[in-house]
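Colleague: Below you will find the structure I want to go over with you.
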Amino acid sequence: MEYISTRGSAPALDFEGATLAGLASDGGLYVPREWPRFSKEEIAGFAGLSYAELAQRIMLPFVGDSLTPERLLELTTQAYGRFAHKAVTPLKQLDEQQWLLELFHGPTLAFKDVALQLLGLLFEEFLGRGGDPLTIVGATSGDTGSAAIDAVAGRARVDIFMLHPKGRVSDVQRRQMTTVLAPNVHNIAIEGTFDDAQAMVKRMFNDQGMTSRFSIGAVNSINWARLMAQVVYYFAAGLQLGAPHREVAFAVPTGNFGDVFAGYVAAQMGLPVAKLIVATNVNDILHRALTSGDYSAGTVTPTAAPSMDIQVSSNFERLLFDLGGRDGAALAAQMAGFESTKVMQLTNAQREGAARLFTSARADASDMANAIRWAWEECGELLDPHTAIGLHAARNAGLPADVPVVTLATAHPAKFRDAVERATGQRPTLPARIGDLFEREERLIELPGDYDTIAAHVAAHAVARG
Ligand SMILES: *Cc1c(COP(=O)(O)O)cnc(C)c1O
């Protein structure tokens with residue numbers, strides 16, 4: 001399997017190369033040259049596999065010659081063995097139509113663990129084959145940072161520098177990053193928003209002064225391997241609800257468009273998906289893009305669902321590439337326009353293509369609180385604010401009653417205890433696997449939101465190429 005850039009001019013890479021590269025050198029994102037497709041019989045044959053086995057089967061066509069099937073199964077078994085639930089991503093019924101797919105049973109309580117536990121092992125595997133040590137530079141609105149740090153802390157030949165917007169992540173999120181004291185972990189709180197942090201990370205990938213000295217890698221969902229790992233749970237849920245013989249819809253709380261793009265990939269691979277419901281908070285660039293074709297970045301409004309406080313959704317580029325006939329040169333021009341003006345109008349082909357599979361909804365603070373209350377009062381379930389935004393969209397999607405709707409439960413309610421308590425009066429308890437988080441020492445550096453300062457800090461602490 002070969003990976004090509006959405007902007008058409010970076011060299012094609014194999015799976016190992018794309019995993020280590022993260023962002024393509026032309027500023028684009030890597031995607032497989034074509035989508036592998038399973039037949040109905042093959043999908044029916046996945047029923048009854050364990051999660052680790054299913055993950056191996058779904059990922060094999062993407063991995064190509066970079067890993068043997070046996071080695072891939074060892075890695076998925078190790079990655080998912082750390083989850084606190086035997087089913088890894090259990091499915092829970094709320095009412096006749098609504099279901100929750102619990103993706104938060106990993107070590108840091110959010111769905112990011114599902115992909116990052118595997119990605120940490122893939123880095124270790126590929127770096128063990130020689131080559132340069134890896135300098136991971138990432139931006140986080142809270143959950144990617146803790147999941148990535150957990151996945152690579154203490155591993156050989158890799159350093160991680162994680163930028164988070166100061167004061168805009170929850171206390172649990174911050175402590176899950178800053179209390180990891182392994183010497184290869186570097187936490188940076190920057191003045192500014194997540195979008196500022198993400199823009200600096202992207203700039204570093206294209207900064208010759210940095211890339212000539214360091215081999216820079218990505219753990220954000222611009223890294224293809226993350227999306228690949230997320231495709232698996234769409235199949236896992238679909239199979240339980242009757243796939244391949246029955247269509248299922250998914251409601252996905254969305255920020256960077258990574259998680260919901262994985263659902264799009266599952267549909268391309270043959271999973272019968274009735275609709276993908278893109279749920280946003282008031283930072284609604286994706287809702288506007290999908291309803292009126294207007295992809296223009298506003299300013300970020302902080303909300304109780306901080307992992308969705310995003311105005312520039314990196315992975316949307318992967319969808320636009322596919323819907324625009326995979327024309328890298330045309331997309332490069334479209335994205336260059338967006339990067340200079342922060343305004344972009346989708347083409348008719350992109351709008352019509354998206355409308356076939358996607359629908360969207362926007363939830364404000366009261367929609368979110370009402371969804372948390374409904375789930376608590378009617379179903380006895382405590383939901384985190386992100387999941388509640390997904391459920392709000394799911395319940396308002398107007399789908400036929402015989403289509404099951406699965407809301408992706410992206411975080412454990414205890415990760416956002418204050419918001420959950422405000423809506424329900426119930427304070428979720430932190431699961432035992434979090435341990436003494438609030439007693440542990442924190443380590444981080446605060447820096448201004450200035451690219452040169454950040455780059456100098458990374459250069460002073462990272463291990464250079466060999
Ligand atoms: C990251 C995150 C999201 C958004 O996921 P994307 O892949 O960026 O769209 C939603 N909810 C939670 C809890 C998250 O951590």
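We name chains A, B, ... following the order of the structure tokens; residues begin at 1 in each chain, and ligands are numbered from 1 as shown.
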Show me which residues are within 7 Å of ligand 1 counting only C-alpha atoms and all ligand atoms, and format the list as a PDB file with N, CA and C atoms, in the first residue's frame.
Modeller:
ATOM      1  N   ALA A 110      -9.943   9.028  27.354  1.00  0.00           N
ATOM      2  CA  ALA A 110     -10.594   9.568  26.151  1.00  0.00           C
ATOM      3  C   ALA A 110     -10.286   8.658  24.962  1.00  0.00           C
ATOM      4  N   PHE A 111     -11.053   8.843  23.880  1.00  0.00           N
ATOM      5  CA  PHE A 111     -10.910   7.929  22.737  1.00  0.00           C
ATOM      6  C   PHE A 111      -9.557   8.008  22.075  1.00  0.00           C
ATOM      7  N   LYS A 112      -8.801   9.075  22.328  1.00  0.00           N
ATOM      8  CA  LYS A 112      -7.478   9.204  21.716  1.00  0.00           C
ATOM      9  C   LYS A 112      -6.588   8.007  22.043  1.00  0.00           C
ATOM     10  N   GLY A 142      -6.212  19.031  24.763  1.00  0.00           N
ATOM     11  CA  GLY A 142      -6.311  18.362  26.064  1.00  0.00           C
ATOM     12  C   GLY A 142      -6.121  16.869  25.996  1.00  0.00           C
ATOM     13  N   ASP A 143      -6.855  16.185  25.119  1.00  0.00           N
ATOM     14  CA  ASP A 143      -6.864  14.725  25.192  1.00  0.00           C
ATOM     15  C   ASP A 143      -5.767  14.053  24.374  1.00  0.00           C
ATOM     16  N   THR A 144      -5.425  14.609  23.219  1.00  0.00           N
ATOM     17  CA  THR A 144      -4.323  14.026  22.443  1.00  0.00           C
ATOM     18  C   THR A 144      -3.035  14.058  23.263  1.00  0.00           C
ATOM     19  N   SER A 221      -3.985  13.982  14.648  1.00  0.00           N
ATOM     20  CA  SER A 221      -4.673  13.125  13.690  1.00  0.00           C
ATOM     21  C   SER A 221      -4.300  13.457  12.250  1.00  0.00           C
ATOM     22  N   PRO A 253     -18.933  13.548  17.937  1.00  0.00           N
ATOM     23  CA  PRO A 253     -18.505  14.869  18.414  1.00  0.00           C
ATOM     24  C   PRO A 253     -17.183  15.220  17.738  1.00  0.00           C
ATOM     25  N   THR A 254     -17.143  16.345  17.046  1.00  0.00           N
ATOM     26  CA  THR A 254     -16.048  16.572  16.103  1.00  0.00           C
ATOM     27  C   THR A 254     -15.292  17.859  16.376  1.00  0.00           C
ATOM     28  N   GLY A 255     -13.971  17.787  16.212  1.00  0.00           N
ATOM     29  CA  GLY A 255     -13.125  18.962  16.304  1.00  0.00           C
ATOM     30  C   GLY A 255     -12.269  19.048  15.053  1.00  0.00           C
ATOM     31  N   ASN A 256     -11.258  18.193  14.998  1.00  0.00           N
ATOM     32  CA  ASN A 256     -10.310  18.187  13.883  1.00  0.00           C
ATOM     33  C   ASN A 256     -10.761  17.294  12.730  1.00  0.00           C
ATOM     34  N   PHE A 257     -11.966  16.748  12.796  1.00  0.00           N
ATOM     35  CA  PHE A 257     -12.555  15.911  11.741  1.00  0.00           C
ATOM     36  C   PHE A 257     -11.828  14.571  11.581  1.00  0.00           C
ATOM     37  N   GLY A 258     -11.025  14.185  12.586  1.00  0.00           N
ATOM     38  CA  GLY A 258     -10.289  12.929  12.459  1.00  0.00           C
ATOM     39  C   GLY A 258     -11.181  11.725  12.719  1.00  0.00           C
ATOM     40  N   ASP A 259     -11.869  11.766  13.859  1.00  0.00           N
ATOM     41  CA  ASP A 259     -12.677  10.629  14.267  1.00  0.00           C
ATOM     42  C   ASP A 259     -13.771  10.349  13.228  1.00  0.00           C
ATOM     43  N   VAL A 260     -14.442  11.387  12.770  1.00  0.00           N
ATOM     44  CA  VAL A 260     -15.547  11.166  11.824  1.00  0.00           C
ATOM     45  C   VAL A 260     -15.002  10.795  10.438  1.00  0.00           C
ATOM     46  N   SER A 307     -12.130  19.978  23.784  1.00  0.00           N
ATOM     47  CA  SER A 307     -11.466  19.219  22.714  1.00  0.00           C
ATOM     48  C   SER A 307     -12.128  19.468  21.363  1.00  0.00           C
ATOM     49  N   MET A 308     -13.229  20.215  21.364  1.00  0.00           N
ATOM     50  CA  MET A 308     -13.892  20.573  20.113  1.00  0.00           C
ATOM     51  C   MET A 308     -13.818  22.076  19.868  1.00  0.00           C
ATOM     52  N   HIS A 386     -18.572  16.374  25.596  1.00  0.00           N
ATOM     53  CA  HIS A 386     -18.352  16.085  24.168  1.00  0.00           C
ATOM     54  C   HIS A 386     -19.357  15.045  23.688  1.00  0.00           C
ATOM     55  N   THR A 387     -19.479  13.977  24.463  1.00  0.00           N
ATOM     56  CA  THR A 387     -20.422  12.915  24.121  1.00  0.00           C
ATOM     57  C   THR A 387     -21.846  13.461  24.079  1.00  0.00           C
ATOM     58  N   THR A 410     -16.747   9.907  23.553  1.00  0.00           N
ATOM     59  CA  THR A 410     -15.323  10.154  23.322  1.00  0.00           C
ATOM     60  C   THR A 410     -14.518  10.388  24.597  1.00  0.00           C
ATOM     61  N   ALA A 411     -15.180  10.687  25.711  1.00  0.00           N
ATOM     62  CA  ALA A 411     -14.422  10.879  26.954  1.00  0.00           C
ATOM     63  C   ALA A 411     -15.215  10.341  28.140  1.00  0.00           C
TER      64      ALA A 411
END
Colleague: Show me a table, sorted first by chain and then by increasing residue number, of the residues of region 378-434 of chain A having an atom at most 12 Å from region 358-363 of chain A, each with its shortest atom pair and the distance in Å to one decimal, counting only C-alpha atoms and written as JSON lines.
Modeller:
{"residue": "A:Pro385", "atom": "CA", "partner": "A:Ala363", "partner_atom": "CA", "distance": 10.4}
{"residue": "A:His386", "atom": "CA", "partner": "A:Ala363", "partner_atom": "CA", "distance": 10.1}
{"residue": "A:Thr387", "atom": "CA", "partner": "A:Ala363", "partner_atom": "CA", "distance": 11.3}
{"residue": "A:Ala388", "atom": "CA", "partner": "A:Ala363", "partner_atom": "CA", "distance": 9.1}
{"residue": "A:Ile389", "atom": "CA", "partner": "A:Ala363", "partner_atom": "CA", "distance": 5.9}
{"residue": "A:Gly390", "atom": "CA", "partner": "A:Ala363", "partner_atom": "CA", "distance": 8.7}
{"residue": "A:Leu391", "atom": "CA", "partner": "A:Ala363", "partner_atom": "CA", "distance": 9.9}
{"residue": "A:His392", "atom": "CA", "partner": "A:Ala363", "partner_atom": "CA", "distance": 7.1}
{"residue": "A:Ala393", "atom": "CA", "partner": "A:Ala361", "partner_atom": "CA", "distance": 5.4}
{"residue": "A:Ala394", "atom": "CA", "partner": "A:Ala361", "partner_atom": "CA", "distance": 8.7}
{"residue": "A:Arg395", "atom": "CA", "partner": "A:Ala361", "partner_atom": "CA", "distance": 10.3}
{"residue": "A:Asn396", "atom": "CA", "partner": "A:Ala361", "partner_atom": "CA", "distance": 8.1}
{"residue": "A:Ala397", "atom": "CA", "partner": "A:Thr359", "partner_atom": "CA", "distance": 7.9}
{"residue": "A:Gly398", "atom": "CA", "partner": "A:Thr359", "partner_atom": "CA", "distance": 10.5}
{"residue": "A:Leu399", "atom": "CA", "partner": "A:Thr359", "partner_atom": "CA", "distance": 10.7}
Colleague: Here is a test: counting only C-alpha atoms, which residue of A:Ile188, A:Leu430, A:Leu54, A:Ile285 is nearest to Val458 (chain A)?
Modeller: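 Among the listed residues, A:Ile188 lies closest to Val458 (chain A).
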Colleague: Can you tell me which residues surround Ala401 (chain A) at a distance of at most 9 Å, considering only C-alpha atoms, apart from same-chain residues fewer than 3 positions away, and format the answer as a ChimeraX atom specification?
Modeller: /A:96-97,398,404
Colleague: Take the residues that were just selected and, keeping N, CA, C and O atoms, output them as a CSV table (one decimal), in the first residue's frame.
Modeller:
chain,number,residue,atom,x,y,z
A,96,GLU,N,-34.7,2.8,22.3
A,96,GLU,CA,-35.0,1.9,21.2
A,96,GLU,C,-34.0,2.2,20.0
A,96,GLU,O,-33.7,1.3,19.2
A,97,GLN,N,-33.6,3.5,19.8
A,97,GLN,CA,-32.8,3.8,18.7
A,97,GLN,C,-31.4,4.2,19.0
A,97,GLN,O,-30.5,4.0,18.2
A,398,GLY,N,-33.3,13.0,12.9
A,398,GLY,CA,-34.5,12.7,12.1
A,398,GLY,C,-34.3,11.4,11.2
A,398,GLY,O,-34.9,11.3,10.2
A,404,PRO,N,-30.4,2.1,13.7
A,404,PRO,CA,-29.7,2.4,15.0
A,404,PRO,C,-28.7,3.6,14.8
A,404,PRO,O,-28.1,3.7,13.8
Colleague: Running DSSP on the backbone, which parts of region 204-353 of chain A land in strand (DSSP E or B), as a PyMOL selection string?
Modeller: chain A and resi 215-217+248-253+273-280+294-296+343-345
Colleague: Save the residues we just selected, N, CA, C and O atoms, as an mmCIF file, in the first residue's frame?
Modeller:
data_model
loop_
_atom_site.group_PDB
_atom_site.id
_atom_site.type_symbol
_atom_site.label_atom_id
_atom_site.label_comp_id
_atom_site.auth_asym_id
_atom_site.auth_seq_id
_atom_site.Cartn_x
_atom_site.Cartn_y
_atom_site.Cartn_z
ATOM 1 N N SER A 215 14.375 14.844 13.069
ATOM 2 C CA SER A 215 13.373 14.068 12.352
ATOM 3 C C SER A 215 12.060 14.273 13.112
ATOM 4 O O SER A 215 11.860 13.711 14.189
ATOM 5 N N ILE A 216 11.184 15.115 12.574
ATOM 6 C CA ILE A 216 10.005 15.541 13.339
ATOM 7 C C ILE A 216 8.807 14.653 13.001
ATOM 8 O O ILE A 216 8.515 14.423 11.822
ATOM 9 N N GLY A 217 8.169 14.132 14.026
ATOM 10 C CA GLY A 217 7.031 13.231 13.831
ATOM 11 C C GLY A 217 5.765 13.802 14.447
ATOM 12 O O GLY A 217 5.818 14.729 15.267
ATOM 13 N N VAL A 248 -26.178 1.286 9.771
ATOM 14 C CA VAL A 248 -26.071 1.934 11.074
ATOM 15 C C VAL A 248 -25.626 3.376 10.847
ATOM 16 O O VAL A 248 -24.845 3.644 9.931
ATOM 17 N N ALA A 249 -26.136 4.303 11.667
ATOM 18 C CA ALA A 249 -25.679 5.701 11.614
ATOM 19 C C ALA A 249 -24.783 5.974 12.822
ATOM 20 O O ALA A 249 -24.924 5.331 13.866
ATOM 21 N N PHE A 250 -23.886 6.935 12.654
ATOM 22 C CA PHE A 250 -22.979 7.300 13.743
ATOM 23 C C PHE A 250 -23.037 8.809 13.969
ATOM 24 O O PHE A 250 -22.995 9.581 13.003
ATOM 25 N N ALA A 251 -23.119 9.229 15.227
ATOM 26 C CA ALA A 251 -23.035 10.650 15.582
ATOM 27 C C ALA A 251 -21.691 10.862 16.268
ATOM 28 O O ALA A 251 -21.364 10.171 17.237
ATOM 29 N N VAL A 252 -20.912 11.822 15.744
ATOM 30 C CA VAL A 252 -19.521 11.944 16.174
ATOM 31 C C VAL A 252 -19.221 13.367 16.633
ATOM 32 O O VAL A 252 -19.252 14.310 15.823
ATOM 33 N N PRO A 253 -18.933 13.548 17.937
ATOM 34 C CA PRO A 253 -18.505 14.869 18.414
ATOM 35 C C PRO A 253 -17.183 15.220 17.738
ATOM 36 O O PRO A 253 -16.218 14.472 17.846
ATOM 37 N N VAL A 273 -23.038 2.267 6.133
ATOM 38 C CA VAL A 273 -23.241 3.409 7.031
ATOM 39 C C VAL A 273 -24.398 4.242 6.473
ATOM 40 O O VAL A 273 -24.329 4.724 5.347
ATOM 41 N N ALA A 274 -25.464 4.401 7.275
ATOM 42 C CA ALA A 274 -26.626 5.166 6.813
ATOM 43 C C ALA A 274 -26.306 6.653 6.758
ATOM 44 O O ALA A 274 -26.633 7.333 5.789
ATOM 45 N N LYS A 275 -25.675 7.173 7.779
ATOM 46 C CA LYS A 275 -25.305 8.592 7.851
ATOM 47 C C LYS A 275 -24.172 8.749 8.843
ATOM 48 O O LYS A 275 -24.081 8.010 9.834
ATOM 49 N N LEU A 276 -23.341 9.751 8.597
ATOM 50 C CA LEU A 276 -22.361 10.189 9.587
ATOM 51 C C LEU A 276 -22.814 11.572 10.038
ATOM 52 O O LEU A 276 -22.905 12.500 9.217
ATOM 53 N N ILE A 277 -23.132 11.691 11.323
ATOM 54 C CA ILE A 277 -23.669 12.946 11.850
ATOM 55 C C ILE A 277 -22.529 13.696 12.535
ATOM 56 O O ILE A 277 -22.008 13.251 13.557
ATOM 57 N N VAL A 278 -22.137 14.809 11.930
ATOM 58 C CA VAL A 278 -21.031 15.608 12.455
ATOM 59 C C VAL A 278 -21.601 16.547 13.518
ATOM 60 O O VAL A 278 -22.423 17.408 13.205
ATOM 61 N N ALA A 279 -21.175 16.381 14.760
ATOM 62 C CA ALA A 279 -21.690 17.206 15.853
ATOM 63 C C ALA A 279 -20.624 18.209 16.268
ATOM 64 O O ALA A 279 -19.494 17.824 16.571
ATOM 65 N N THR A 280 -20.977 19.494 16.257
ATOM 66 C CA THR A 280 -20.029 20.518 16.714
ATOM 67 C C THR A 280 -20.646 21.283 17.888
ATOM 68 O O THR A 280 -21.852 21.236 18.115
ATOM 69 N N ASP A 294 -19.753 26.964 3.419
ATOM 70 C CA ASP A 294 -18.920 28.069 3.914
ATOM 71 C C ASP A 294 -17.895 27.549 4.924
ATOM 72 O O ASP A 294 -18.204 27.362 6.092
ATOM 73 N N TYR A 295 -16.666 27.317 4.470
ATOM 74 C CA TYR A 295 -15.593 26.890 5.379
ATOM 75 C C TYR A 295 -14.723 28.103 5.641
ATOM 76 O O TYR A 295 -13.762 28.387 4.926
ATOM 77 N N SER A 296 -15.128 28.886 6.644
ATOM 78 C CA SER A 296 -14.312 30.054 6.977
ATOM 79 C C SER A 296 -14.137 30.102 8.484
ATOM 80 O O SER A 296 -15.081 29.891 9.255
ATOM 81 N N VAL A 343 -10.807 31.955 4.514
ATOM 82 C CA VAL A 343 -12.138 31.790 3.927
ATOM 83 C C VAL A 343 -12.038 30.787 2.789
ATOM 84 O O VAL A 343 -11.078 30.820 2.019
ATOM 85 N N MET A 344 -13.024 29.883 2.698
ATOM 86 C CA MET A 344 -13.018 28.947 1.577
ATOM 87 C C MET A 344 -14.459 28.539 1.293
ATOM 88 O O MET A 344 -15.237 28.283 2.199
ATOM 89 N N GLN A 345 -14.798 28.495 0.011
ATOM 90 C CA GLN A 345 -16.116 28.026 -0.401
ATOM 91 C C GLN A 345 -15.940 26.635 -1.006
ATOM 92 O O GLN A 345 -15.080 26.443 -1.861
#
Colleague: Counting only C-alpha atoms, figure out which residue out of A:Gln198, A:Gly325, A:Phe123, A:Ala423 gets nearest to Ala21 (chain A).
Modeller: A:Phe123
